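Here is final.txt, consisting of compact mmCIF, C-alpha atoms and all ligand atoms:
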```txt
# COMPACT_ATOMS: atom_id res chain seq x y z
CA MET A 1 65.13 33.03 -104.19
CA SER A 2 63.49 31.98 -100.94
CA SER A 3 59.78 31.15 -100.92
CA LEU A 4 59.15 34.10 -98.59
CA ALA A 5 60.66 36.52 -101.08
CA GLY A 6 58.58 34.84 -103.81
CA ALA A 7 55.39 35.31 -101.81
CA THR A 8 56.22 38.95 -101.22
CA GLN A 9 56.76 39.50 -104.92
CA ASP A 10 53.38 37.89 -105.58
CA GLU A 11 51.80 40.23 -103.09
CA VAL A 12 53.37 43.24 -104.77
CA ARG A 13 52.13 42.06 -108.16
CA ARG A 14 48.60 41.45 -106.83
CA SER A 15 48.54 44.86 -105.20
CA ASN A 16 49.75 46.54 -108.41
CA LEU A 17 47.15 44.71 -110.51
CA SER A 18 44.55 45.90 -108.02
CA LEU A 19 45.80 49.48 -108.29
CA VAL A 20 45.59 49.53 -112.10
CA LEU A 21 42.22 47.78 -112.40
CA THR A 22 40.68 49.97 -109.68
CA LEU A 23 41.85 53.07 -111.54
CA LEU A 24 40.29 51.86 -114.81
CA HIS A 25 37.08 50.78 -113.07
CA ARG A 26 36.66 54.18 -111.41
CA ARG A 27 37.87 56.56 -114.12
CA GLY A 28 37.21 54.61 -117.33
CA ALA A 29 39.59 54.46 -120.31
CA GLN A 30 43.12 55.75 -119.66
CA SER A 31 46.24 55.91 -121.77
CA ARG A 32 49.23 53.94 -120.52
CA SER A 33 50.93 57.28 -119.83
CA GLN A 34 48.02 58.36 -117.64
CA ILE A 35 48.24 55.08 -115.71
CA VAL A 36 51.98 55.63 -115.22
CA ALA A 37 51.36 59.19 -114.01
CA THR A 38 48.50 58.29 -111.64
CA THR A 39 49.94 55.12 -110.09
CA GLY A 40 53.57 56.20 -109.92
CA LEU A 41 54.60 52.78 -111.30
CA ASN A 42 57.21 52.72 -114.03
CA ARG A 43 56.31 52.30 -117.70
CA SER A 44 57.51 48.73 -118.13
CA THR A 45 55.73 47.57 -114.94
CA VAL A 46 52.50 49.17 -116.19
CA GLY A 47 53.01 47.41 -119.55
CA ASP A 48 53.34 44.02 -117.82
CA LEU A 49 50.34 44.61 -115.56
CA VAL A 50 48.14 45.73 -118.46
CA SER A 51 49.18 42.65 -120.47
CA GLU A 52 48.23 40.41 -117.57
CA LEU A 53 44.83 42.11 -117.22
CA VAL A 54 44.31 41.83 -121.00
CA ASP A 55 45.11 38.10 -120.78
CA GLY A 56 42.61 37.84 -117.91
CA GLY A 57 40.00 39.41 -120.22
CA VAL A 58 39.10 42.30 -117.90
CA VAL A 59 40.69 45.11 -119.91
CA ARG A 60 41.25 45.74 -123.60
CA GLU A 61 43.60 48.03 -125.49
CA SER A 62 42.87 50.09 -128.55
CA ALA A 63 44.74 52.72 -130.52
CA GLY A 64 44.35 56.01 -128.69
CA VAL A 65 44.38 59.57 -129.93
CA SER A 66 47.75 61.26 -130.09
CA GLY A 67 48.01 63.99 -127.48
CA GLY A 68 50.99 65.65 -129.16
CA VAL A 69 54.22 64.65 -130.86
CA GLY A 70 55.23 61.02 -131.20
CA ARG A 71 53.25 57.80 -131.33
CA PRO A 72 49.71 57.83 -129.98
CA SER A 73 49.51 56.10 -126.61
CA LEU A 74 47.39 52.95 -126.38
CA ARG A 75 44.06 53.42 -124.67
CA VAL A 76 43.35 50.90 -121.93
CA GLU A 77 39.73 50.37 -120.90
CA PRO A 78 37.78 48.03 -118.63
CA VAL A 79 35.70 45.32 -120.35
CA ALA A 80 32.28 45.85 -118.77
CA GLU A 81 30.86 42.43 -119.64
CA ALA A 82 33.96 40.54 -118.41
CA ALA A 83 33.01 40.99 -114.76
CA THR A 84 29.58 41.90 -113.44
CA VAL A 85 27.94 42.26 -110.06
CA LEU A 86 24.41 42.18 -108.78
CA ALA A 87 23.43 45.28 -106.79
CA LEU A 88 20.25 45.56 -104.73
CA ASP A 89 18.89 48.56 -102.86
CA MET A 90 16.07 47.76 -100.45
CA ARG A 91 14.21 50.93 -99.72
CA VAL A 92 11.19 51.35 -97.50
CA GLU A 93 8.75 51.66 -100.39
CA ARG A 94 10.53 49.65 -103.13
CA THR A 95 13.39 47.34 -104.04
CA VAL A 96 15.75 48.29 -106.88
CA ALA A 97 18.04 45.72 -108.53
CA ALA A 98 20.70 46.08 -111.22
CA VAL A 99 23.45 44.13 -112.94
CA VAL A 100 26.48 46.40 -113.21
CA GLY A 101 29.61 45.73 -115.25
CA LEU A 102 33.22 46.63 -114.60
CA GLY A 103 33.62 50.38 -115.07
CA GLY A 104 30.09 51.03 -113.78
CA ARG A 105 28.02 50.22 -116.87
CA VAL A 106 24.45 49.21 -115.96
CA PHE A 107 23.32 46.21 -118.03
CA SER A 108 19.87 45.68 -116.54
CA ARG A 109 17.76 47.35 -113.88
CA ARG A 110 14.37 46.72 -112.31
CA GLU A 111 12.26 48.26 -109.58
CA GLN A 112 9.51 46.62 -107.59
CA ARG A 113 7.18 48.60 -105.36
CA HIS A 114 6.33 47.06 -102.02
CA ALA A 115 2.65 46.53 -101.32
CA GLY A 116 2.40 45.49 -97.69
CA GLU A 117 4.08 42.08 -98.12
CA SER A 118 5.01 40.01 -95.10
CA GLN A 119 8.69 39.71 -94.23
CA ASP A 120 8.92 36.27 -95.92
CA GLU A 121 7.15 37.50 -99.04
CA LEU A 122 9.49 40.48 -99.21
CA LEU A 123 12.57 38.21 -98.98
CA ASP A 124 11.13 36.00 -101.76
CA GLN A 125 10.49 39.12 -103.82
CA VAL A 126 14.12 40.26 -103.42
CA CYS A 127 15.38 36.88 -104.72
CA GLU A 128 12.87 36.96 -107.55
CA ILE A 129 13.79 40.44 -108.82
CA ALA A 130 17.47 39.44 -108.55
CA ARG A 131 16.90 36.41 -110.81
CA HIS A 132 15.10 38.66 -113.33
CA VAL A 133 17.91 41.24 -113.64
CA LEU A 134 20.53 38.47 -113.77
CA ALA A 135 18.62 36.85 -116.66
CA GLU A 136 18.67 40.20 -118.49
CA GLY A 137 22.41 40.76 -117.89
CA PRO A 138 25.36 39.44 -119.89
CA GLY A 139 25.34 35.98 -118.28
CA LEU A 140 26.21 34.22 -115.06
CA ALA A 141 29.80 33.36 -116.02
CA SER A 142 30.90 36.97 -115.42
CA TRP A 143 29.03 37.34 -112.09
CA VAL A 144 31.65 37.98 -109.38
CA GLY A 145 29.70 39.37 -106.42
CA THR A 146 26.50 40.68 -104.87
CA GLY A 147 25.88 43.74 -102.70
CA ILE A 148 22.67 44.71 -100.91
CA GLY A 149 21.83 47.99 -99.19
CA VAL A 150 19.27 48.13 -96.37
CA PRO A 151 17.98 51.09 -94.34
CA GLY A 152 18.97 49.58 -91.02
CA VAL A 153 21.63 48.27 -88.68
CA VAL A 154 23.46 45.35 -90.31
CA ARG A 155 25.87 42.75 -88.92
CA THR A 156 28.31 42.87 -91.82
CA ASP A 157 29.90 39.43 -91.13
CA ASP A 158 26.84 37.50 -92.31
CA GLY A 159 24.33 40.11 -93.47
CA LEU A 160 21.98 39.75 -90.50
CA VAL A 161 19.76 42.82 -90.41
CA ARG A 162 19.63 43.51 -86.68
CA PHE A 163 17.18 46.37 -86.80
CA ALA A 164 15.47 48.18 -89.68
CA PRO A 165 12.68 50.14 -87.99
CA ASN A 166 11.26 51.59 -91.18
CA LEU A 167 10.94 48.09 -92.72
CA GLY A 168 9.70 46.66 -89.41
CA TRP A 169 12.62 44.17 -89.37
CA VAL A 170 14.38 42.76 -86.31
CA ASP A 171 17.11 40.12 -86.75
CA VAL A 172 16.29 39.18 -90.34
CA PRO A 173 18.98 36.92 -91.93
CA LEU A 174 18.90 38.70 -95.30
CA GLY A 175 22.44 37.78 -96.42
CA ASP A 176 22.09 34.07 -95.62
CA ARG A 177 18.62 33.86 -97.11
CA VAL A 178 19.64 35.45 -100.45
CA ALA A 179 22.89 33.44 -100.65
CA GLN A 180 20.97 30.21 -100.04
CA SER A 181 18.43 31.08 -102.71
CA PHE A 182 21.24 31.79 -105.22
CA ARG A 183 23.02 28.53 -104.37
CA SER A 184 19.88 26.53 -105.03
CA SER A 185 19.12 28.43 -108.26
CA PHE A 186 22.62 28.77 -109.70
CA GLY A 187 24.96 26.49 -107.72
CA GLY A 188 28.41 27.53 -106.49
CA GLU A 189 29.35 29.59 -103.45
CA ARG A 190 27.57 32.92 -103.76
CA GLN A 191 28.91 35.59 -101.41
CA VAL A 192 26.39 38.28 -100.54
CA ALA A 193 27.53 41.52 -98.86
CA VAL A 194 24.78 43.32 -96.94
CA ARG A 195 25.45 46.87 -95.77
CA ASN A 196 23.65 49.82 -94.28
CA ASP A 197 22.40 51.96 -97.19
CA SER A 198 24.13 55.12 -95.93
CA ASP A 199 27.46 53.29 -95.65
CA LEU A 200 26.97 52.50 -99.35
CA GLY A 201 25.89 56.06 -100.10
CA VAL A 202 29.11 57.55 -98.74
CA LEU A 203 31.17 55.06 -100.74
CA ALA A 204 29.30 55.85 -103.97
CA GLU A 205 29.54 59.61 -103.51
CA GLN A 206 33.27 59.31 -102.82
CA ILE A 207 33.96 57.07 -105.82
CA ARG A 208 31.59 58.55 -108.40
CA GLY A 209 29.82 61.56 -106.90
CA ALA A 210 29.98 64.80 -104.94
CA ALA A 211 32.87 63.81 -102.63
CA ALA A 212 35.24 62.58 -105.34
CA ASP A 213 38.72 61.98 -103.95
CA ALA A 214 37.93 63.29 -100.45
CA ASP A 215 39.13 60.92 -97.72
CA ASN A 216 37.04 62.31 -94.88
CA VAL A 217 33.38 62.35 -95.81
CA ILE A 218 30.05 62.27 -94.01
CA TYR A 219 27.01 61.22 -95.99
CA LEU A 220 23.47 61.67 -94.71
CA SER A 221 20.67 59.82 -96.40
CA GLY A 222 17.29 61.47 -96.22
CA ASP A 223 14.58 58.97 -96.95
CA VAL A 224 11.81 58.01 -94.55
CA GLY A 225 14.49 57.87 -91.86
CA VAL A 226 17.89 59.53 -91.63
CA GLY A 227 21.03 57.39 -91.93
CA GLY A 228 24.69 58.30 -91.77
CA GLY A 229 27.76 56.95 -93.55
CA PHE A 230 31.30 58.00 -92.61
CA LEU A 231 34.63 57.72 -94.37
CA ILE A 232 37.50 58.49 -92.00
CA ASP A 233 40.97 58.72 -93.57
CA GLY A 234 39.59 56.82 -96.57
CA GLN A 235 38.23 53.95 -94.46
CA PRO A 236 34.55 53.35 -93.73
CA LEU A 237 33.55 53.78 -90.10
CA VAL A 238 31.97 50.45 -89.22
CA GLY A 239 32.60 49.92 -85.51
CA ALA A 240 32.93 46.68 -83.56
CA GLY A 241 29.89 44.94 -85.06
CA GLY A 242 29.33 47.04 -88.18
CA TYR A 243 26.72 49.21 -86.49
CA GLY A 244 28.57 52.54 -86.39
CA GLY A 245 27.37 55.80 -87.89
CA GLU A 246 23.71 55.72 -86.82
CA VAL A 247 23.55 59.50 -86.54
CA GLY A 248 19.79 59.61 -87.18
CA HIS A 249 19.44 58.28 -83.63
CA MET A 250 21.68 60.88 -81.97
CA ARG A 251 19.44 62.29 -79.28
CA VAL A 252 19.25 66.03 -79.80
CA ASN A 253 15.97 67.13 -78.23
CA PRO A 254 14.89 65.87 -74.79
CA ALA A 255 11.56 67.64 -75.37
CA GLY A 256 11.11 66.02 -78.80
CA GLY A 257 8.87 63.30 -80.16
CA VAL A 258 9.13 59.52 -79.93
CA CYS A 259 11.37 58.00 -82.63
CA ARG A 260 10.67 54.72 -84.50
CA CYS A 261 13.56 53.28 -82.49
CA GLY A 262 11.65 53.95 -79.27
CA ALA A 263 13.86 56.74 -77.92
CA ILE A 264 12.77 60.34 -77.50
CA GLY A 265 14.14 63.27 -79.49
CA CYS A 266 16.41 61.49 -82.00
CA TRP A 267 17.79 63.73 -84.77
CA GLU A 268 15.55 61.79 -87.18
CA THR A 269 12.44 63.05 -85.38
CA GLU A 270 13.56 66.63 -86.08
CA ILE A 271 14.95 66.36 -89.63
CA GLY A 272 13.21 63.27 -91.09
CA GLN A 273 10.59 63.69 -93.82
CA ASP A 274 7.79 63.26 -91.28
CA ALA A 275 9.05 66.29 -89.37
CA ILE A 276 8.82 68.45 -92.49
CA LEU A 277 5.29 67.28 -93.29
CA ARG A 278 4.17 67.64 -89.68
CA LYS A 279 5.44 71.21 -89.53
CA SER A 280 4.35 72.28 -93.03
CA GLY A 281 0.95 70.58 -93.05
CA ALA A 282 1.65 69.46 -96.65
CA ALA A 283 1.10 65.92 -97.92
CA THR A 284 4.48 65.54 -99.63
CA LEU A 285 7.97 67.01 -99.62
CA ASN A 286 7.46 68.44 -103.11
CA GLU A 287 4.27 70.14 -102.03
CA THR A 288 6.18 71.71 -99.11
CA LEU A 289 8.94 72.91 -101.44
CA ASP A 290 6.42 74.28 -103.96
CA ARG A 291 4.46 76.08 -101.29
CA ALA A 292 7.61 77.53 -99.75
CA SER A 293 8.89 78.87 -103.07
CA GLY A 294 5.40 80.32 -103.70
CA GLY A 295 5.69 82.35 -100.48
CA ASP A 296 3.68 80.16 -98.06
CA ALA A 297 4.86 81.21 -94.60
CA GLN A 298 4.08 77.89 -92.86
CA ALA A 299 6.05 75.88 -95.43
CA GLN A 300 8.96 78.33 -95.27
CA GLN A 301 8.93 78.17 -91.47
CA ALA A 302 8.86 74.35 -91.56
CA LEU A 303 11.92 74.21 -93.83
CA ALA A 304 13.74 76.83 -91.75
CA GLU A 305 13.14 74.88 -88.52
CA VAL A 306 14.34 71.63 -90.08
CA ALA A 307 17.33 73.51 -91.53
CA GLN A 308 18.23 74.69 -87.99
CA TRP A 309 18.12 71.18 -86.55
CA LEU A 310 20.08 69.92 -89.55
CA GLY A 311 22.80 72.56 -89.11
CA LEU A 312 22.97 72.00 -85.35
CA GLY A 313 23.57 68.26 -85.74
CA LEU A 314 26.06 68.83 -88.54
CA ALA A 315 28.05 71.22 -86.34
CA ASN A 316 28.46 68.40 -83.81
CA LEU A 317 29.52 65.97 -86.54
CA VAL A 318 32.04 68.51 -87.87
CA ASN A 319 33.62 68.70 -84.41
CA ILE A 320 33.69 64.91 -84.04
CA ALA A 321 34.90 63.83 -87.49
CA ASN A 322 36.60 66.87 -89.10
CA PRO A 323 35.20 66.03 -92.57
CA GLN A 324 36.24 67.71 -95.82
CA THR A 325 32.87 67.05 -97.39
CA ILE A 326 29.38 66.55 -95.97
CA VAL A 327 27.04 65.12 -98.59
CA LEU A 328 23.30 65.57 -98.05
CA GLY A 329 21.12 63.00 -99.80
CA GLY A 330 17.38 62.78 -100.45
CA HIS A 331 15.14 65.36 -98.79
CA LEU A 332 18.07 66.72 -96.72
CA GLY A 333 19.67 67.92 -99.97
CA ALA A 334 16.36 69.62 -100.81
CA VAL A 335 16.24 71.29 -97.38
CA TYR A 336 19.79 72.56 -97.87
CA ALA A 337 19.01 73.85 -101.36
CA ALA A 338 15.95 75.68 -99.98
CA GLN A 339 17.60 77.11 -96.82
CA PRO A 340 21.38 77.12 -97.34
CA THR A 341 22.10 80.18 -95.20
CA VAL A 342 20.17 78.79 -92.20
CA VAL A 343 22.01 75.46 -92.39
CA ASP A 344 25.38 77.15 -92.87
CA ARG A 345 24.79 79.56 -89.98
CA PHE A 346 24.16 76.64 -87.61
CA VAL A 347 27.11 74.64 -88.97
CA ASP A 348 29.16 77.75 -88.11
CA GLY A 349 28.53 76.82 -84.47
CA ALA A 350 31.25 74.19 -84.88
CA LEU A 351 34.80 74.94 -83.75
CA PRO A 352 36.48 77.30 -86.24
CA ALA A 353 39.34 74.98 -87.28
CA PRO A 354 37.26 71.96 -88.42
CA ARG A 355 34.49 74.30 -89.69
CA GLU A 356 36.93 75.94 -92.11
CA GLN A 357 37.64 72.58 -93.73
CA ALA A 358 34.06 71.32 -94.01
CA ARG A 359 32.15 71.80 -97.26
CA VAL A 360 28.41 71.00 -97.31
CA VAL A 361 27.06 69.77 -100.67
CA CYS A 362 23.99 68.04 -102.09
CA ALA A 363 24.39 64.43 -103.23
CA ALA A 364 25.38 64.09 -106.91
CA LEU A 365 23.99 60.59 -107.40
CA GLY A 366 20.46 61.35 -106.23
CA ALA A 367 18.53 58.28 -105.15
CA GLU A 368 21.01 55.93 -106.87
CA GLY A 369 23.75 56.28 -104.24
CA ALA A 370 22.99 53.10 -102.28
CA LEU A 371 22.59 51.03 -105.47
CA ILE A 372 25.91 52.28 -106.88
CA GLY A 373 27.56 51.73 -103.47
CA ALA A 374 26.19 48.17 -103.38
CA SER A 375 27.82 47.51 -106.76
CA GLU A 376 31.13 48.93 -105.49
CA VAL A 377 31.09 46.68 -102.41
CA ALA A 378 30.32 43.71 -104.66
CA PHE A 379 33.30 44.59 -106.90
CA SER A 380 35.70 44.98 -103.99
CA GLY A 381 36.84 41.33 -104.02
CA LEU A 382 37.66 41.40 -107.72
CA LEU A 383 39.41 44.76 -107.49
CA ALA A 384 41.56 43.55 -104.57
CA ASP A 385 42.72 40.42 -106.40
CA PRO A 386 41.71 40.53 -110.09
CA ILE A 387 43.48 37.43 -111.36
CA GLY A 388 42.74 35.27 -108.29
CA VAL A 389 39.00 36.06 -108.39
CA LEU A 390 38.76 35.43 -112.13
CA ALA A 391 40.57 32.10 -111.76
CA ARG A 392 38.18 31.02 -109.00
CA ALA A 393 35.10 32.22 -110.96
CA GLU A 394 36.21 30.25 -114.02
CA LYS A 395 36.67 27.12 -111.93
CA ALA A 396 33.21 27.54 -110.39
CA SER A 397 31.31 28.09 -113.65
ZN ZN B 1 15.77 56.93 -82.89
```
Rewrite the coordinates I just gave you, this time as structure tokens.
Ligand SMILES: [Zn+2]
Amino acid sequence: MSSLAGATQDEVRRSNLSLVLTLLHRRGAQSRSQIVATTGLNRSTVGDLVSELVDGGVVRESAGVSGGVGRPSLRVEPVAEAATVLALDMRVERTVAAVVGLGGRVFSRREQRHAGESQDELLDQVCEIARHVLAEGPGLASWVGTGIGVPGVVRTDDGLVRFAPNLGWVDVPLGDRVAQSFRSSFGGERQVAVRNDSDLGVLAEQIRGAAADADNVIYLSGDVGVGGGFLIDGQPLVGAGGYGGEVGHMRVNPAGGVCRCGAIGCWETEIGQDAILRKSGAATLNETLDRASGGDAQAQQALAEVAQWLGLGLANLVNIANPQTIVLGGHLGAVYAAQPTVVDRFVDGALPAPREQARVVCAALGAEGALIGASEVAFSGLLADPIGVLARAEKAS
């Protein structure tokens, strides 16, 4: 056999291992028959792949329950503590950190509220909380990756946060800074993937949430600002530098207010939390929702106006991206739940053909979307090449 043919066979094997481990990571324990049915691989190939993953320590087999006549099929499940990742979600008001195992099990989790720290202090705090959750996890030997979500525009190559207006950040080298801190604390090459939090949100909702198995998804995060994450034909929309999908800064109202980005009339100025509070006169979103459900006309009007702007922008996105599922996170989910007919009526302004295919839903993962997405990005290297990554991790530890 020529070396080229050998290499190709290796590639096929690696890709099949990736397919099987990704399935187990996302769906949990499966019988061998289920793996055969889902992957389309034949039974003996699946047997070989499972054996190799068992040898690698990332899956285990146990006697399953018989689903009918004949021998019970073996249950194959991911070993959560065999491979873990560090996931961080930097929000405007707090940082959340977790160590997550293969299959999605959370081993440790911490939150730290921000209290007006300087940029340097905040970066130190991120490294500090990371060391704490790692110490509470199953150990550094299983640590295969790190993902961080940030509410801003991120250069994905090196994790430079170009612009995070709600954190007050411009060109902050978050990825390099955290990787350097980990190298000095723990040694080894520590890759850190930094992503926009909405890009992580769409990934999480597609893998484990409200857009399960949809390949064309738009996710809108509703926090202090409004971010957008897109999956187009199963691939994240990143753009030339990683900056794509900033729908919160679509300019929708020339007569609108000044946005944190400096422009006038961004969508965020019409559907962000501040817009709701400004219109309702309430101190919090919950107070607005309570007042509206108690019959307060000003609160109801505020939600209806925001619902109109929300539906109008969504209609444009439906025409541009032809999504199957639009997932509304944070306060935007609450606006939709309060005023679904207003939002839907404005989404109906889209062209009929893409409108028919678009389903608007509230996020299933609540505020955890970006954190779960960060863990998925951190697992992507292992899932693409399970045996190669484990071999390298073993050498490094
Ligand atoms: Zn803006």
Residue among A:Ala135, A:Ala29, A:Ala275, A:Ala315 lying closest to Pro78 (chain A), counting all atoms listed in the file
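Using all atoms listed in the file, Pro78 (chain A) sits closest to A:Ala29.
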Tell me which protein, DNA and RNA residues are within 10 Å of Leu41 (chain A), counting all atoms listed in the file, leaving out same-chain ones fewer than 6 positions away, and put them as a count of residues only.
5
Pick out the closest residue to Gly229 (chain A) from this set: A:Gly104, A:Pro354, A:Gly159, A:Gly369. Count all atoms listed in the file.
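Comparing A:Gly104, A:Pro354, A:Gly159, A:Gly369 against Gly229 (chain A), the winner is A:Gly369.
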Could you name the residues that touch region 287-304 of chain A at 7 Å or less, counting only C-alpha atoms, but leaving out those on the same chain fewer than 3 positions away, as a VMD selection string?
chain A and resid 276 279 to 280 282 to 284 307 to 308 335 339 342
When the cut-off is 12 Å and you count all atoms listed in the file, which residues lie near ligand ZN 1 (chain B), shown as a count of residues only?
34
Straight-line distance linking CA of Ala80 (chain A) with CA of Gly137 (chain A), stated in Å to one decimal
11.1 Å
Neighbour list for region 317-334 of chain A as number ranges by chain, cut-off 8 Å, only C-alpha atoms, skip fewer than 2 positions in-chain
A: 202, 205, 210-211, 214-223, 232, 271, 273, 285, 313-315, 336-338, 347, 350-351, 354-355, 357-363, 366-367
Which residues are near region 51-59 of chain A? Cut-off 9 Å, all atoms listed in the file, ignore same chain within fewer than 6 positions. Put them as a VMD selection string.
chain A and resid 17 21 24 76 to 83 102 386 to 387 390 to 391
Go through A:Asn196, A:Ser108, A:Asn286, A:Ser184 one by one, measure the shortest atom-to-atom distance of each to Arg162 (chain A) using all atoms listed in the file, and give the residue with the smallest value.
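For Arg162 (chain A), the nearest of the candidates is A:Asn196.
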Do a neighbour search on Ala98 (chain A) at 8 Å with all atoms listed in the file, toss out local chain neighbours closer than 6 positions, and write the hits as number ranges by chain.
A: 86-88, 106-110, 130, 133, 371
Using CA of Thr156 (chain A) and CA of Gly101 (chain A) as the two end points, give the distance in Å to one decimal.
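Between CA of Thr156 (chain A) and CA of Gly101 (chain A) the gap is 23.6 Å.
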Nearest-residue call for Asp176 (chain A), choices A:Thr39, A:Ser62, A:Gln191, A:Ser18, using all atoms listed in the file:
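Of A:Thr39, A:Ser62, A:Gln191, A:Ser18, the one nearest Asp176 (chain A), counting all atoms listed in the file, is A:Gln191.
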Measuring atom to atom with all atoms listed in the file, identify which of A:Val389, A:Ala255, A:Cys127, A:Val377 is nearest to Arg183 (chain A).
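Comparing A:Val389, A:Ala255, A:Cys127, A:Val377 against Arg183 (chain A), the winner is A:Cys127.
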Hey, can you check how far CA of Leu365 (chain A) sits from CA of Asp348 (chain A)?
26.3 Å
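In terms of minimum interatomic distance to Val194 (chain A), A:Thr146 ranks closest within A:Ser118, A:Thr22, A:Ser15, A:Thr146, counting all atoms listed in the file.
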Emit a file covering region 104-121 of chain A of the preceding structure with N, CA and C atoms, as a PDB file, in the first residue's frame.
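The result, stored in decode_13.pdb:
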```pdb
ATOM      1  N   GLY A 104     -20.733  16.803  28.856  1.00  0.00           N
ATOM      2  CA  GLY A 104     -21.403  17.994  29.362  1.00  0.00           C
ATOM      3  C   GLY A 104     -21.584  18.058  30.863  1.00  0.00           C
ATOM      4  N   ARG A 105     -20.978  17.102  31.595  1.00  0.00           N
ATOM      5  CA  ARG A 105     -21.136  17.142  33.059  1.00  0.00           C
ATOM      6  C   ARG A 105     -20.313  18.285  33.654  1.00  0.00           C
ATOM      7  N   VAL A 106     -20.954  19.092  34.518  1.00  0.00           N
ATOM      8  CA  VAL A 106     -20.263  20.213  35.166  1.00  0.00           C
ATOM      9  C   VAL A 106     -19.658  19.725  36.480  1.00  0.00           C
ATOM     10  N   PHE A 107     -18.331  19.809  36.577  1.00  0.00           N
ATOM     11  CA  PHE A 107     -17.637  19.351  37.795  1.00  0.00           C
ATOM     12  C   PHE A 107     -17.523  20.454  38.836  1.00  0.00           C
ATOM     13  N   SER A 108     -17.288  21.679  38.384  1.00  0.00           N
ATOM     14  CA  SER A 108     -17.158  22.778  39.347  1.00  0.00           C
ATOM     15  C   SER A 108     -17.582  24.067  38.653  1.00  0.00           C
ATOM     16  N   ARG A 109     -18.081  24.994  39.425  1.00  0.00           N
ATOM     17  CA  ARG A 109     -18.606  26.238  38.843  1.00  0.00           C
ATOM     18  C   ARG A 109     -18.491  27.345  39.870  1.00  0.00           C
ATOM     19  N   ARG A 110     -18.105  28.513  39.432  1.00  0.00           N
ATOM     20  CA  ARG A 110     -18.013  29.679  40.316  1.00  0.00           C
ATOM     21  C   ARG A 110     -18.461  30.925  39.581  1.00  0.00           C
ATOM     22  N   GLU A 111     -18.983  31.872  40.350  1.00  0.00           N
ATOM     23  CA  GLU A 111     -19.333  33.176  39.775  1.00  0.00           C
ATOM     24  C   GLU A 111     -18.662  34.254  40.604  1.00  0.00           C
ATOM     25  N   GLN A 112     -18.250  35.302  39.930  1.00  0.00           N
ATOM     26  CA  GLN A 112     -17.639  36.433  40.640  1.00  0.00           C
ATOM     27  C   GLN A 112     -18.268  37.704  40.110  1.00  0.00           C
ATOM     28  N   ARG A 113     -18.881  38.455  40.986  1.00  0.00           N
ATOM     29  CA  ARG A 113     -19.472  39.744  40.544  1.00  0.00           C
ATOM     30  C   ARG A 113     -18.375  40.771  40.321  1.00  0.00           C
ATOM     31  N   HIS A 114     -18.534  41.592  39.317  1.00  0.00           N
ATOM     32  CA  HIS A 114     -17.580  42.675  39.106  1.00  0.00           C
ATOM     33  C   HIS A 114     -17.967  43.852  40.000  1.00  0.00           C
ATOM     34  N   ALA A 115     -16.938  44.564  40.469  1.00  0.00           N
ATOM     35  CA  ALA A 115     -17.218  45.693  41.364  1.00  0.00           C
ATOM     36  C   ALA A 115     -16.370  46.889  40.957  1.00  0.00           C
ATOM     37  N   GLY A 116     -16.449  47.253  39.688  1.00  0.00           N
ATOM     38  CA  GLY A 116     -15.744  48.448  39.222  1.00  0.00           C
ATOM     39  C   GLY A 116     -14.241  48.289  39.121  1.00  0.00           C
ATOM     40  N   GLU A 117     -13.750  47.042  38.911  1.00  0.00           N
ATOM     41  CA  GLU A 117     -12.314  46.817  38.770  1.00  0.00           C
ATOM     42  C   GLU A 117     -11.767  47.498  37.509  1.00  0.00           C
ATOM     43  N   SER A 118     -10.481  47.785  37.549  1.00  0.00           N
ATOM     44  CA  SER A 118      -9.812  48.269  36.337  1.00  0.00           C
ATOM     45  C   SER A 118      -9.683  47.091  35.373  1.00  0.00           C
ATOM     46  N   GLN A 119      -9.306  47.409  34.140  1.00  0.00           N
ATOM     47  CA  GLN A 119      -9.154  46.354  33.129  1.00  0.00           C
ATOM     48  C   GLN A 119      -8.131  45.294  33.575  1.00  0.00           C
ATOM     49  N   ASP A 120      -6.997  45.745  34.106  1.00  0.00           N
ATOM     50  CA  ASP A 120      -5.956  44.812  34.569  1.00  0.00           C
ATOM     51  C   ASP A 120      -6.457  43.950  35.718  1.00  0.00           C
ATOM     52  N   GLU A 121      -7.156  44.580  36.651  1.00  0.00           N
ATOM     53  CA  GLU A 121      -7.688  43.828  37.801  1.00  0.00           C
ATOM     54  C   GLU A 121      -8.694  42.777  37.333  1.00  0.00           C
TER      55      GLU A 121
END
```
